[in-house]
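Novice: Below is a structure I'd like to ask you about.
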Amino acid sequence: MKQPLHPLGRPGGRWRYIPWVALGSLLIFCPAAFAQSSTTADLKVALDTAWVLLTSFLIFFMNAGFCMLETGFCRSKNAVNLLAKNLIVFGLSTLAFWVVGFGLMFGDGNPLFGTSGFLLQGADNSPAVGDAYRGTYSALAWAGVPLNAKFFFQLAFAGTAATIVSGAVAERIKFLAFFIFSLLLVGLLYPITGHWVWGDGMLANLGFYDFAGSTVVHTVGGWAALIGAILLGPRLGRFQARPVAMPGHNLSISALGCLILWLGWFGFNPGSTMAADPLPISHIVVTTNIAGALGGLAATVTSWIYLSKPDLSMIINGVLAGLVSITASCAYVNLGSAALIGLVGGVIVVFSVTLLDSLKIDDPVGAVSVHLVCGTWGTVALGLFSVGPGSYSWYGEGDGPLAGLFMGGGIQQLLVQLLGIAAVGAFTVTFSLLCWLTLRATVGIRVSEAEEIQGLDLGEHAMEAYPEFQVGP
């Protein structure tokens, strides 16, 4: 049966005018498009800005991954509390980093901290780079994108550092205490140590390297989380004659969270180039993925042998361990080294989780093991496996670390890496300890025993995540 034709679809109908209408619209509304063409420099700025913002969005989306991961690893009676913390933390990070953090981290100042550029105020002629740059944020003069793009990218990193703490102190911390500590971490702690490394501060001047934040982001969050977990104490009933398992209520969403974080890492690491340069981006994507994959595989086999079964929670944390481990060196190592770095991360995270249990340190999601322990390993690994300047087109003299110990470069870079780890760790522990102790003496940091038994959802938020279902303790 012959189908009737719509008048606009008839051969020779009105559709034939569409291309001419579109062309006419361009001529009327966009005469500049025909009057002049973009210069190569303008096009590069546009592409680099699009790349930086795209990767920033991926890093921002990691907040969803942390939401899912942490909530699934914890009990259902605390689900609302975990979700609320992971949502509010980026709002807190935005405020703290805009007002003071970005200036402390990247504003011109001294080797310890920046003293200018607060509230994103001050001279800046970005996207000018190098000697052409005139402004307050000289530490970012190498990035040829507008200032607001630089800020949002770094803000996404800052939010990640704060989110790490949430999982380790889950199921017993007061919402107000976490609220205040997050402001202090993103506003003061993270920017100061970040200035030492990425703000042309004292560690950068010594030759310490951390490409995308194994130390700057992950160990800072990990140390803060460890101190918080110790001072809070374990969850009720967690440690008796032997550790008592408190299984998470939904490993499905934890696995989804892991996959979201894995995806986000393709913004985290390659985005740190802050330029749409095909060669380094491609290399970093592959080193990052290989390390994450090998971390997951190594944790699977290790838990299978050590714990008798391939534990899903260990597999999830193994993937994240591999990703954290490669973050410092992803631009500076070859693919074989990336595989080894990820593999070692996947093994040590299993033993770290069980070691913390034996020490009666309660970390419901394994945040300390993933971020602190593997972040430290990743920073050390750079001093062992960096291939040395001249190996890649983006890695020349002054653009990266010396060759690592296992790559024929001697021990110098490794010693600098160890010094950086110690300096950041000492400051972070001291700062975190003072903050947590002050909070404990003022607003308090732990909910009451009755509230913990009932669940933080009702006690802290007066609502339940699953009101239609009767759930156990």
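Here's how to read the names in the structure tokens: chain A, B, ... by the order shown, residue numbers from 1 in each chain, ligand numbers from 1 in the order shown.
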Set the distance at 12 Å and use only C-alpha atoms: which residues neighbour Gly194 in chain A once local chain neighbours fewer than 2 positions away are removed? I'd like the list as a short mmCIF file (atom, residue, chain, number, x, y, z; two decimals) with N, CA, C and O atoms, in the first residue's frame.
Specialist:
```cif
data_model
loop_
_atom_site.label_atom_id
_atom_site.label_comp_id
_atom_site.auth_asym_id
_atom_site.auth_seq_id
_atom_site.Cartn_x
_atom_site.Cartn_y
_atom_site.Cartn_z
N GLY A 101 40.50 29.41 50.13
CA GLY A 101 41.35 28.28 49.76
C GLY A 101 42.16 28.48 48.50
O GLY A 101 43.37 28.20 48.46
N PHE A 102 41.52 28.97 47.43
CA PHE A 102 42.22 29.12 46.16
C PHE A 102 43.36 30.13 46.28
O PHE A 102 44.44 29.94 45.71
N GLY A 103 43.14 31.20 47.02
CA GLY A 103 44.19 32.19 47.23
C GLY A 103 45.35 31.62 48.03
O GLY A 103 46.52 31.86 47.70
N LEU A 104 45.05 30.86 49.09
CA LEU A 104 46.12 30.23 49.87
C LEU A 104 46.93 29.27 49.03
O LEU A 104 48.15 29.14 49.21
N MET A 105 46.27 28.58 48.12
CA MET A 105 46.93 27.51 47.37
C MET A 105 47.71 28.05 46.17
O MET A 105 48.85 27.64 45.92
N PHE A 106 47.11 28.98 45.43
CA PHE A 106 47.72 29.40 44.16
C PHE A 106 48.04 30.89 44.10
O PHE A 106 48.68 31.34 43.15
N GLY A 107 47.59 31.66 45.08
CA GLY A 107 47.92 33.08 45.07
C GLY A 107 49.40 33.30 45.35
O GLY A 107 50.04 32.52 46.05
N PRO A 111 56.87 30.66 50.33
CA PRO A 111 56.94 29.21 50.12
C PRO A 111 55.96 28.39 50.95
O PRO A 111 55.76 27.21 50.66
N LEU A 112 55.32 28.98 51.96
CA LEU A 112 54.42 28.23 52.83
C LEU A 112 52.95 28.37 52.43
O LEU A 112 52.19 27.41 52.53
N PHE A 113 52.54 29.54 51.97
CA PHE A 113 51.14 29.73 51.58
C PHE A 113 51.00 31.01 50.77
O PHE A 113 51.83 31.92 50.85
N GLY A 114 49.94 31.07 49.98
CA GLY A 114 49.65 32.26 49.21
C GLY A 114 49.05 33.34 50.08
O GLY A 114 48.38 33.05 51.07
N ALA A 139 51.59 30.74 39.94
CA ALA A 139 51.78 29.28 39.98
C ALA A 139 50.98 28.57 38.90
O ALA A 139 51.31 27.44 38.53
N GLN A 154 40.34 23.19 39.95
CA GLN A 154 40.99 22.97 41.25
C GLN A 154 39.96 22.79 42.36
O GLN A 154 40.21 22.06 43.33
N PHE A 157 38.98 19.18 42.66
CA PHE A 157 39.99 18.43 43.41
C PHE A 157 39.81 18.63 44.91
O PHE A 157 39.88 17.69 45.70
N ALA A 158 39.60 19.88 45.32
CA ALA A 158 39.46 20.19 46.74
C ALA A 158 38.27 19.46 47.34
O ALA A 158 38.34 18.94 48.46
N ALA A 161 39.12 15.83 48.23
CA ALA A 161 39.88 15.65 49.46
C ALA A 161 38.96 15.62 50.68
O ALA A 161 39.14 14.81 51.60
N LEU A 185 39.08 21.96 56.44
CA LEU A 185 39.96 21.19 55.56
C LEU A 185 40.13 21.87 54.20
O LEU A 185 41.25 22.04 53.71
N VAL A 186 39.01 22.25 53.59
CA VAL A 186 39.08 22.83 52.24
C VAL A 186 39.55 24.28 52.27
O VAL A 186 40.20 24.75 51.34
N GLY A 187 39.22 24.99 53.34
CA GLY A 187 39.60 26.39 53.42
C GLY A 187 41.04 26.62 53.84
O GLY A 187 41.66 27.59 53.42
N LEU A 188 41.59 25.70 54.67
CA LEU A 188 42.92 25.95 55.22
C LEU A 188 43.90 24.80 54.99
O LEU A 188 44.97 24.99 54.39
N LEU A 189 43.55 23.60 55.47
CA LEU A 189 44.51 22.49 55.44
C LEU A 189 44.92 22.11 54.02
O LEU A 189 46.11 22.12 53.67
N TYR A 190 43.97 21.73 53.20
CA TYR A 190 44.27 21.31 51.83
C TYR A 190 45.00 22.39 51.03
O TYR A 190 46.00 22.10 50.34
N PRO A 191 44.58 23.65 51.07
CA PRO A 191 45.27 24.67 50.27
C PRO A 191 46.72 24.91 50.69
O PRO A 191 47.57 25.18 49.85
N ILE A 192 46.98 24.85 52.00
CA ILE A 192 48.35 25.12 52.45
C ILE A 192 49.31 24.04 51.97
O ILE A 192 50.36 24.33 51.38
N TRP A 196 52.41 24.03 48.82
CA TRP A 196 53.79 23.54 48.88
C TRP A 196 54.18 22.79 47.61
O TRP A 196 55.33 22.83 47.18
N VAL A 197 53.20 22.11 47.01
CA VAL A 197 53.51 21.24 45.86
C VAL A 197 53.10 21.89 44.54
O VAL A 197 53.90 21.95 43.60
N TRP A 198 51.88 22.38 44.44
CA TRP A 198 51.36 22.90 43.17
C TRP A 198 51.35 24.42 43.10
O TRP A 198 51.08 24.97 42.04
N GLY A 199 51.64 25.08 44.20
CA GLY A 199 51.63 26.55 44.22
C GLY A 199 53.01 27.15 44.20
O GLY A 199 53.20 28.28 44.66
N ASP A 200 53.99 26.39 43.66
CA ASP A 200 55.40 26.84 43.65
C ASP A 200 55.92 27.08 45.05
O ASP A 200 56.70 28.02 45.29
N GLY A 201 55.50 26.24 45.99
CA GLY A 201 55.94 26.37 47.37
C GLY A 201 57.19 25.58 47.66
O GLY A 201 57.94 25.18 46.76
N MET A 202 57.42 25.30 48.93
CA MET A 202 58.71 24.78 49.36
C MET A 202 59.01 23.39 48.82
O MET A 202 60.17 23.10 48.46
N LEU A 203 58.03 22.52 48.72
CA LEU A 203 58.31 21.18 48.20
C LEU A 203 58.55 21.20 46.70
O LEU A 203 59.39 20.45 46.18
N ALA A 204 57.82 22.03 45.98
CA ALA A 204 58.06 22.16 44.54
C ALA A 204 59.47 22.66 44.28
O ALA A 204 60.14 22.21 43.35
N PHE A 208 60.01 18.04 44.43
CA PHE A 208 58.97 17.05 44.73
C PHE A 208 57.91 17.10 43.64
O PHE A 208 57.47 18.18 43.23
N TYR A 209 57.47 15.93 43.17
CA TYR A 209 56.46 15.87 42.10
C TYR A 209 55.29 14.99 42.51
O TYR A 209 55.46 13.94 43.13
N ASP A 210 54.12 15.46 42.15
CA ASP A 210 52.87 14.72 42.37
C ASP A 210 51.91 15.19 41.29
O ASP A 210 51.21 16.18 41.47
N PHE A 211 51.88 14.49 40.17
CA PHE A 211 51.20 15.00 38.99
C PHE A 211 49.74 15.33 39.23
O PHE A 211 49.28 16.42 38.88
N ALA A 212 48.98 14.40 39.82
CA ALA A 212 47.54 14.64 39.97
C ALA A 212 47.03 14.42 41.38
O ALA A 212 45.83 14.41 41.60
N GLY A 213 47.92 14.24 42.36
CA GLY A 213 47.46 14.32 43.73
C GLY A 213 47.48 13.09 44.61
O GLY A 213 46.68 13.01 45.54
N SER A 214 48.35 12.12 44.40
CA SER A 214 48.42 11.00 45.34
C SER A 214 48.67 11.49 46.76
O SER A 214 48.09 10.98 47.72
N THR A 215 49.54 12.49 46.89
CA THR A 215 49.79 13.10 48.19
C THR A 215 48.91 14.32 48.42
O THR A 215 48.25 14.44 49.45
N VAL A 216 48.88 15.24 47.45
CA VAL A 216 48.19 16.52 47.64
C VAL A 216 46.72 16.30 47.98
O VAL A 216 46.16 16.97 48.85
N VAL A 217 46.07 15.37 47.31
CA VAL A 217 44.64 15.12 47.53
C VAL A 217 44.43 13.92 48.45
O VAL A 217 43.78 14.02 49.50
N HIS A 218 45.00 12.77 48.10
CA HIS A 218 44.60 11.52 48.74
C HIS A 218 45.21 11.31 50.12
O HIS A 218 44.50 10.89 51.04
N THR A 219 46.50 11.58 50.30
CA THR A 219 47.03 11.36 51.65
C THR A 219 46.55 12.45 52.61
O THR A 219 46.37 12.17 53.80
N VAL A 220 46.31 13.66 52.10
CA VAL A 220 45.77 14.70 52.98
C VAL A 220 44.40 14.28 53.49
O VAL A 220 44.12 14.32 54.69
N GLY A 221 43.52 13.86 52.58
CA GLY A 221 42.22 13.35 53.01
C GLY A 221 42.35 12.12 53.88
O GLY A 221 41.60 11.94 54.85
N GLY A 420 58.74 14.85 51.05
CA GLY A 420 57.44 15.46 50.82
C GLY A 420 56.32 14.75 51.56
O GLY A 420 55.44 15.38 52.15
N ALA A 423 56.60 15.66 55.26
CA ALA A 423 56.21 17.04 55.56
C ALA A 423 54.70 17.22 55.51
O ALA A 423 54.09 17.80 56.42
N VAL A 424 54.09 16.72 54.45
CA VAL A 424 52.64 16.84 54.32
C VAL A 424 51.94 16.04 55.42
O VAL A 424 50.96 16.51 56.02
N PHE A 427 52.24 17.88 58.94
CA PHE A 427 51.37 19.06 59.04
C PHE A 427 49.90 18.65 59.10
O PHE A 427 49.12 19.19 59.89
N THR A 428 49.52 17.70 58.25
CA THR A 428 48.12 17.29 58.20
C THR A 428 47.68 16.64 59.50
O THR A 428 46.57 16.90 59.99
#
```
Novice: Give me the residues of range 48-110 of chain A that have any atom at most 12 Å from an atom of range 361-365 of chain A; for each, the nearest atom pair and the distance in Å, rounded to one decimal. Use only C-alpha atoms, sort by chain and number, and format it as a tab-separated table.
Specialist:
```
residue	atom	partner	partner_atom	distance
A:Phe66	CA	A:Val365	CA	10.3
A:Cys67	CA	A:Val365	CA	11.6
A:Met68	CA	A:Val365	CA	11.3
A:Leu69	CA	A:Val365	CA	8.0
A:Glu70	CA	A:Val365	CA	6.2
A:Thr71	CA	A:Val365	CA	9.1
A:Gly72	CA	A:Val365	CA	9.1
A:Phe73	CA	A:Val365	CA	5.9
A:Cys74	CA	A:Pro364	CA	6.7
A:Arg75	CA	A:Pro364	CA	9.7
A:Asn78	CA	A:Pro364	CA	11.8
A:Leu82	CA	A:Val365	CA	11.4
```
Novice: Suppose we keep N, CA and C atoms; can you now write the selection as a CSV table (one decimal), in the first residue's frame?
Specialist:
```csv
chain,number,residue,atom,x,y,z
A,66,PHE,N,31.2,8.7,45.2
A,66,PHE,CA,31.4,8.6,46.6
A,66,PHE,C,30.1,8.4,47.4
A,67,CYS,N,29.0,9.1,46.9
A,67,CYS,CA,27.7,8.9,47.5
A,67,CYS,C,27.3,7.4,47.5
A,68,MET,N,27.4,6.9,46.3
A,68,MET,CA,27.0,5.5,46.1
A,68,MET,C,27.9,4.5,46.9
A,69,LEU,N,29.2,4.7,46.8
A,69,LEU,CA,30.2,3.8,47.4
A,69,LEU,C,30.0,3.8,48.9
A,70,GLU,N,30.0,4.9,49.5
A,70,GLU,CA,29.9,5.0,51.0
A,70,GLU,C,28.6,4.6,51.5
A,71,THR,N,27.5,5.0,50.9
A,71,THR,CA,26.2,4.6,51.3
A,71,THR,C,26.0,3.1,51.3
A,72,GLY,N,26.4,2.5,50.2
A,72,GLY,CA,26.3,1.0,50.0
A,72,GLY,C,27.1,0.3,51.0
A,73,PHE,N,28.3,0.8,51.4
A,73,PHE,CA,29.1,0.1,52.3
A,73,PHE,C,28.6,0.2,53.8
A,74,CYS,N,27.7,1.1,54.0
A,74,CYS,CA,27.2,1.3,55.4
A,74,CYS,C,25.8,0.7,55.6
A,75,ARG,N,25.3,0.7,56.8
A,75,ARG,CA,24.0,0.1,57.1
A,75,ARG,C,22.9,1.1,56.7
A,78,ASN,N,21.7,4.4,58.2
A,78,ASN,CA,22.6,5.6,58.1
A,78,ASN,C,22.7,6.1,56.7
A,82,LEU,N,24.8,9.5,55.1
A,82,LEU,CA,25.9,9.5,54.2
A,82,LEU,C,25.6,10.3,52.9
```
Novice: Please return as a ChimeraX atom specification: the residues of range 225-307 of chain A that backbone DSSP assigns to helix (DSSP H, G or I).
Specialist: /A:225-232,251-268,270-273,278-306
Novice: So which one's closest to Glu460 in chain A, A:Asn289, A:Thr40, A:Thr49, A:Asn81? Using only C-alpha atoms, please.
Specialist: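 For Glu460 in chain A, the nearest of the given residues is A:Asn81.
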